[in-house]
$ cat model_4.cif   # mmCIF, C-alpha atoms and all ligand atoms
data_target
#
loop_
_atom_site.label_atom_id
_atom_site.label_comp_id
_atom_site.auth_asym_id
_atom_site.auth_seq_id
_atom_site.Cartn_x
_atom_site.Cartn_y
_atom_site.Cartn_z
CA MET A 9 0.00 0.00 0.00
CA ASP A 10 1.18 3.51 -0.78
CA ALA A 11 2.69 5.01 2.40
CA THR A 12 0.47 8.08 2.03
CA VAL A 13 -2.70 5.97 2.06
CA SER A 14 -4.15 4.97 5.41
CA PRO A 15 -7.54 3.91 6.72
CA GLU A 16 -7.64 7.17 8.69
CA LEU A 17 -7.17 9.18 5.50
CA SER A 18 -9.92 7.27 3.75
CA ASP A 19 -12.30 7.73 6.70
CA PHE A 20 -11.43 11.42 6.86
CA ALA A 21 -11.98 11.91 3.11
CA SER A 22 -15.31 10.13 3.25
CA ALA A 23 -16.49 12.10 6.30
CA LEU A 24 -15.38 15.38 4.72
CA ILE A 25 -16.97 14.72 1.34
CA HIS A 26 -20.30 13.47 2.65
CA SER A 27 -20.74 16.12 5.35
CA ARG A 28 -20.34 19.08 2.95
CA HIS A 29 -23.63 20.64 1.93
CA ASN A 30 -24.46 23.69 -0.10
CA VAL A 31 -25.35 26.63 2.17
CA SER A 32 -27.38 29.51 0.75
CA PRO A 33 -25.39 32.78 0.93
CA ARG A 34 -28.33 34.17 2.96
CA ARG A 35 -27.19 31.81 5.72
CA LEU A 36 -23.51 32.76 5.49
CA ASP A 37 -22.47 35.47 7.89
CA ALA A 38 -19.25 36.95 9.34
CA PRO A 39 -16.64 35.89 10.14
CA GLY A 40 -15.45 34.82 6.74
CA PRO A 41 -12.15 33.06 6.22
CA THR A 42 -9.08 34.60 7.88
CA PRO A 43 -6.23 35.56 5.53
CA ALA A 44 -4.37 32.36 6.49
CA GLN A 45 -7.47 30.20 5.94
CA LEU A 46 -8.03 31.90 2.60
CA GLN A 47 -4.53 31.02 1.41
CA THR A 48 -5.18 27.38 2.31
CA ILE A 49 -8.59 27.42 0.60
CA LEU A 50 -7.37 29.10 -2.58
CA GLY A 51 -4.25 26.93 -2.75
CA ALA A 52 -6.46 23.82 -2.87
CA ALA A 53 -7.66 24.82 -6.35
CA ALA A 54 -4.16 24.21 -7.73
CA ALA A 55 -4.46 20.48 -6.93
CA ALA A 56 -7.28 20.03 -9.45
CA PRO A 57 -6.64 17.60 -12.32
CA ASP A 58 -5.50 19.70 -15.25
CA HIS A 59 -4.84 18.04 -18.62
CA GLY A 60 -1.89 19.78 -20.26
CA GLN A 61 -1.44 21.98 -17.19
CA LEU A 62 -3.27 24.85 -18.78
CA THR A 63 -4.94 26.13 -15.59
CA PRO A 64 -8.13 26.50 -17.63
CA TRP A 65 -9.82 28.63 -14.97
CA ARG A 66 -9.29 31.61 -12.75
CA PHE A 67 -11.06 33.16 -9.78
CA VAL A 68 -11.77 36.82 -9.12
CA ILE A 69 -12.32 37.89 -5.49
CA VAL A 70 -14.90 40.64 -4.95
CA PRO A 71 -13.92 42.37 -1.70
CA TYR A 72 -16.78 43.61 0.45
CA ALA A 73 -15.97 47.26 -0.29
CA ARG A 74 -16.41 46.63 -4.02
CA ARG A 75 -19.58 44.56 -3.90
CA TRP A 76 -21.55 47.58 -5.10
CA LEU A 77 -19.92 47.08 -8.51
CA LEU A 78 -21.27 43.53 -8.63
CA ALA A 79 -24.64 44.76 -7.37
CA ASP A 80 -24.75 47.28 -10.24
CA ALA A 81 -23.89 44.54 -12.75
CA PHE A 82 -26.60 42.21 -11.36
CA GLY A 83 -29.19 45.01 -11.42
CA LEU A 84 -28.30 46.18 -14.94
CA ALA A 85 -28.18 42.58 -16.24
CA LEU A 86 -31.75 42.10 -15.02
CA MET A 87 -32.89 45.37 -16.60
CA ASP A 88 -31.24 44.38 -19.90
CA ARG A 89 -33.12 41.09 -20.11
CA ASP A 90 -36.37 42.38 -18.61
CA PRO A 91 -37.03 46.08 -19.21
CA ASN A 92 -40.27 45.66 -17.21
CA ALA A 93 -38.51 44.41 -14.07
CA THR A 94 -39.94 46.07 -10.97
CA GLY A 95 -37.88 48.09 -8.52
CA GLU A 96 -38.28 45.27 -6.01
CA GLN A 97 -36.95 42.69 -8.49
CA ILE A 98 -33.97 44.91 -9.26
CA ASP A 99 -33.30 45.42 -5.54
CA ASN A 100 -33.41 41.63 -5.04
CA ALA A 101 -30.94 41.10 -7.87
CA ARG A 102 -28.61 43.76 -6.46
CA GLU A 103 -28.85 42.40 -2.92
CA LYS A 104 -27.35 39.05 -3.99
CA ALA A 105 -23.97 40.78 -4.31
CA HIS A 106 -23.89 41.67 -0.63
CA ARG A 107 -24.57 38.36 1.09
CA ALA A 108 -21.65 36.15 2.11
CA PRO A 109 -18.57 37.69 3.76
CA PHE A 110 -16.35 36.13 1.08
CA LEU A 111 -17.38 35.97 -2.57
CA MET A 112 -15.42 35.23 -5.70
CA LEU A 113 -16.31 34.56 -9.31
CA ALA A 114 -15.21 31.30 -10.93
CA VAL A 115 -14.20 31.84 -14.54
CA ALA A 116 -13.64 29.03 -17.06
CA ARG A 117 -10.94 29.63 -19.65
CA LEU A 118 -12.43 27.84 -22.63
CA ASN A 119 -11.15 27.61 -26.18
CA ASP A 120 -11.43 30.84 -28.08
CA PRO A 121 -12.77 29.68 -31.45
CA HIS A 122 -11.12 32.63 -33.20
CA ALA A 123 -7.65 31.97 -31.76
CA LEU A 124 -7.46 28.17 -32.14
CA ALA A 125 -6.15 28.24 -35.69
CA ASP A 126 -3.21 30.43 -34.64
CA THR A 127 -2.01 28.29 -31.69
CA PRO A 128 1.16 26.35 -32.58
CA PRO A 129 1.18 22.85 -31.01
CA ARG A 130 3.79 22.17 -28.31
CA SER A 131 5.79 18.97 -28.67
CA HIS A 132 5.63 17.67 -25.07
CA GLU A 133 2.12 18.68 -24.11
CA PRO A 134 -1.25 18.46 -25.80
CA ALA A 135 -1.89 21.53 -27.92
CA GLU A 136 -4.21 23.93 -26.12
CA ALA A 137 -6.93 23.13 -28.62
CA GLU A 138 -6.66 19.40 -27.84
CA VAL A 139 -7.95 20.11 -24.36
CA GLY A 140 -11.58 20.71 -25.19
CA ASP A 141 -14.07 22.79 -23.29
CA ALA A 142 -15.62 19.79 -21.54
CA GLU A 143 -12.25 18.85 -20.04
CA ARG A 144 -11.60 22.45 -19.03
CA LEU A 145 -14.95 22.64 -17.26
CA VAL A 146 -14.27 19.37 -15.46
CA SER A 147 -10.96 20.81 -14.24
CA LEU A 148 -12.76 23.93 -12.98
CA GLY A 149 -15.37 21.78 -11.25
CA CYS A 150 -12.60 19.87 -9.47
CA ALA A 151 -10.90 23.13 -8.46
CA ILE A 152 -14.19 24.40 -7.07
CA GLN A 153 -14.80 21.18 -5.16
CA ASN A 154 -11.28 21.38 -3.67
CA ILE A 155 -12.12 24.90 -2.52
CA LEU A 156 -15.48 23.86 -1.05
CA LEU A 157 -14.05 20.86 0.78
CA THR A 158 -11.11 22.78 2.19
CA ALA A 159 -13.36 25.57 3.47
CA HIS A 160 -15.67 22.95 4.95
CA ALA A 161 -12.71 21.25 6.67
CA LEU A 162 -11.88 24.63 8.22
CA GLY A 163 -15.38 24.85 9.70
CA LEU A 164 -16.76 27.31 7.15
CA GLY A 165 -19.93 27.05 5.08
CA THR A 166 -19.95 27.35 1.29
CA GLY A 167 -22.56 27.94 -1.36
CA LEU A 168 -22.48 28.24 -5.14
CA THR A 169 -24.68 30.75 -6.96
CA SER A 170 -25.11 31.30 -10.68
CA GLY A 171 -28.08 32.53 -12.70
CA GLN A 172 -28.60 34.36 -15.97
CA ALA A 173 -26.39 37.29 -14.95
CA MET A 174 -23.33 35.03 -15.43
CA ALA A 175 -23.69 35.40 -19.20
CA SER A 176 -24.48 39.11 -19.13
CA PRO A 177 -22.26 41.61 -21.00
CA ARG A 178 -22.46 43.74 -17.82
CA LEU A 179 -20.74 41.02 -15.80
CA ARG A 180 -18.28 40.22 -18.60
CA SER A 181 -17.27 43.84 -18.76
CA LEU A 182 -16.95 44.25 -14.96
CA PHE A 183 -14.66 41.23 -14.68
CA GLY A 184 -12.77 41.94 -17.90
CA LEU A 185 -13.56 38.52 -19.34
CA GLY A 186 -11.60 37.82 -22.50
CA PRO A 187 -12.60 35.80 -25.55
CA GLY A 188 -13.17 32.18 -24.54
CA GLU A 189 -13.66 33.09 -20.90
CA GLN A 190 -16.99 32.25 -19.28
CA ALA A 191 -18.29 33.20 -15.83
CA ILE A 192 -19.61 29.98 -14.29
CA CYS A 193 -20.69 30.74 -10.73
CA CYS A 194 -19.94 32.67 -7.57
CA ILE A 195 -18.32 30.85 -4.66
CA ASN A 196 -19.64 32.16 -1.34
CA ILE A 197 -17.90 31.38 1.94
CA GLY A 198 -18.74 32.34 5.52
CA SER A 199 -19.91 31.14 8.90
CA VAL A 200 -23.14 29.16 8.82
CA THR A 201 -25.96 30.86 10.73
CA ARG A 202 -28.65 28.28 10.01
CA ARG A 203 -28.59 24.94 8.23
CA LYS A 204 -31.34 23.51 6.06
CA THR A 205 -32.11 19.82 5.94
CA PRO A 206 -29.39 18.43 3.70
CA ARG A 207 -30.56 17.09 0.37
CA LEU A 208 -30.59 13.36 -0.20
CA ARG A 209 -27.76 12.24 -2.45
CA PRO A 210 -28.31 9.67 -5.20
CA HIS A 211 -27.39 6.04 -4.60
CA THR A 212 -24.48 4.57 -6.54
CA ALA A 213 -26.98 2.30 -8.35
CA ASP A 214 -28.56 5.47 -9.80
CA TYR A 215 -25.41 6.51 -11.63
CA ILE A 216 -23.18 3.43 -11.98
CA SER A 217 -23.54 0.73 -14.58
CA SER A 218 -21.16 -1.81 -16.03
CA LEU A 219 -20.22 -2.31 -19.65
C1 LIG B 301 -22.15 25.54 -11.17
C2 LIG B 301 -23.16 25.53 -10.05
C3 LIG B 301 -24.01 26.60 -9.88
C4 LIG B 301 -24.93 26.62 -8.83
N1 LIG B 301 -25.78 27.68 -8.70
C5 LIG B 301 -26.70 27.67 -7.72
C6 LIG B 301 -27.64 28.73 -7.57
O1 LIG B 301 -27.66 29.69 -8.34
N2 LIG B 301 -28.53 28.68 -6.55
C7 LIG B 301 -28.54 27.63 -5.67
O2 LIG B 301 -29.37 27.61 -4.77
N3 LIG B 301 -27.65 26.61 -5.77
C8 LIG B 301 -26.75 26.61 -6.77
N4 LIG B 301 -25.84 25.59 -6.87
C9 LIG B 301 -25.73 24.62 -5.75
C10 LIG B 301 -26.57 23.42 -5.96
O3 LIG B 301 -27.91 23.79 -5.94
C11 LIG B 301 -26.26 22.41 -4.83
O4 LIG B 301 -24.94 22.00 -4.92
C12 LIG B 301 -27.20 21.24 -4.99
O5 LIG B 301 -28.46 21.59 -4.54
C13 LIG B 301 -26.74 20.03 -4.24
O6 LIG B 301 -26.65 20.30 -2.88
P1 LIG B 301 -25.37 19.84 -2.08
O7 LIG B 301 -24.22 20.58 -2.71
O8 LIG B 301 -25.64 20.24 -0.68
O9 LIG B 301 -25.26 18.36 -2.26
C14 LIG B 301 -24.96 25.53 -7.93
C15 LIG B 301 -24.13 24.42 -8.12
C16 LIG B 301 -23.25 24.41 -9.17
C17 LIG B 301 -22.37 23.19 -9.37
#
$ encode --input "model_4.cif" --output "structure tokens"
Amino acid sequence: MDATVSPELSDFASALIHSRHNVSPRRLDAPGPTPAQLQTILGAAAAAPDHGQLTPWRFVIVPYARRWLLADAFGLALMDRDPNATGEQIDNAREKAHRAPFLMLAVARLNDPHALADTPPRSHEPAEAEVGDAERLVSLGCAIQNILLTAHALGLGTGLTSGQAMASPRLRSLFGLGPGEQAICCINIGSVTRRKTPRLRPHTADYISSL
């Protein structure tokens, strides 16, 4: 057996994975992660599987003092797609930017269809274009899960939020998203004020078959 593998590690991994639950940002309050905890949490993303070592994702922290920028983007994104949105609906959209003490945007770095033809292949690694968007998104998902599990291990609650604003030009412009970049979701982290009944997870028989 590999020296790094132990029954304790397996029990710990299982307990950690199965005790994490999504927490609505409405239930995430101060204190958020300390600077030291944040370094640990953010560093966990780097351990995600990454075909070709492209780091096909990045994260943009939105400090509390700058949440109003995100609130503006959420509000304007709603007004763009629904010119009849009420003041209350716009306020609700804006308010989502102010919830958890820590918030950052997860950005996928997907293939830019216009640039692919110009990318020269590298001899020792798959050409950038060989790592398709599905693989890049899987890598981001793993990075996000590493972040969620590490925050959970530190006693913090985490919640993911997305919605139609992710694709809005307002959000793209605020975060300076380049061609091929896609905003996927916000990662919210804080102290859990109130837990909901955790959702039931599927059984292995629901998603495993044999060839
Ligand atoms: C990319 C992504 C975006 C999500 N966006 C939202 C969201 O906008 N609102 C929400 O309530 N949950 C969102 N979730 C969280 C899921 O709803 C949650 O993970 C799911 O209910 C399963 O719960 P669990 O994580 O506690 O097992 C998102 C999850 C993912 C992977």
$ residues_near_ligand --input "model_4.cif" --ligand "ligand LIG 301 (chain B)" --cutoff "12 Å" --atoms "all atoms listed in the file" --output "PyMOL selection string"
chain A and resi 25-35+101+104+113-116+145-146+148-153+156-157+160+165-174+190-196+203-210
$ closest_residue --input "model_4.cif" --among "A:Arg202, A:Arg102, A:Arg117, A:Arg75" --to "Met87 (chain A)" --atoms "only C-alpha atoms"
A:Arg102
$ atom_distance --input "model_4.cif" --atom1 "CA of Met112 (chain A)" --atom2 "CA of Arg89 (chain A)"
23.6 Å
$ closest_residue --input "model_4.cif" --among "A:His59, A:Arg180, A:His211, A:His106" --to "Ala81 (chain A)" --atoms "all atoms listed in the file"
A:Arg180
$ closest_residue --input "model_4.cif" --among "A:Leu86, A:Ala137, A:Ala93, A:Ala142" --to "Ser176 (chain A)" --atoms "only C-alpha atoms"
A:Leu86
$ closest_residue --input "model_4.cif" --among "A:Ala44, A:Ser199, A:Ile155, A:Ser181" --to "Asp80 (chain A)" --atoms "only C-alpha atoms"
A:Ser181
$ residues_around --input "model_4.cif" --residues "Gly198 (chain A)" --least-positions-apart "5" --cutoff "8 Å" --atoms "all atoms listed in the file" --output "ChimeraX atom specification"
/A:36-41,108-110,164-166
$ closest_residue --input "model_4.cif" --among "A:Phe183, A:Glu96, A:Asp141, A:Leu84" --to "Ile69 (chain A)" --atoms "only C-alpha atoms"
A:Phe183
$ atom_distance --input "model_4.cif" --atom1 "CA of Thr63 (chain A)" --atom2 "CA of Gly186 (chain A)"
15.1 Å
$ atom_distance --input "model_4.cif" --atom1 "CA of Ala123 (chain A)" --atom2 "CA of Trp65 (chain A)"
17.3 Å
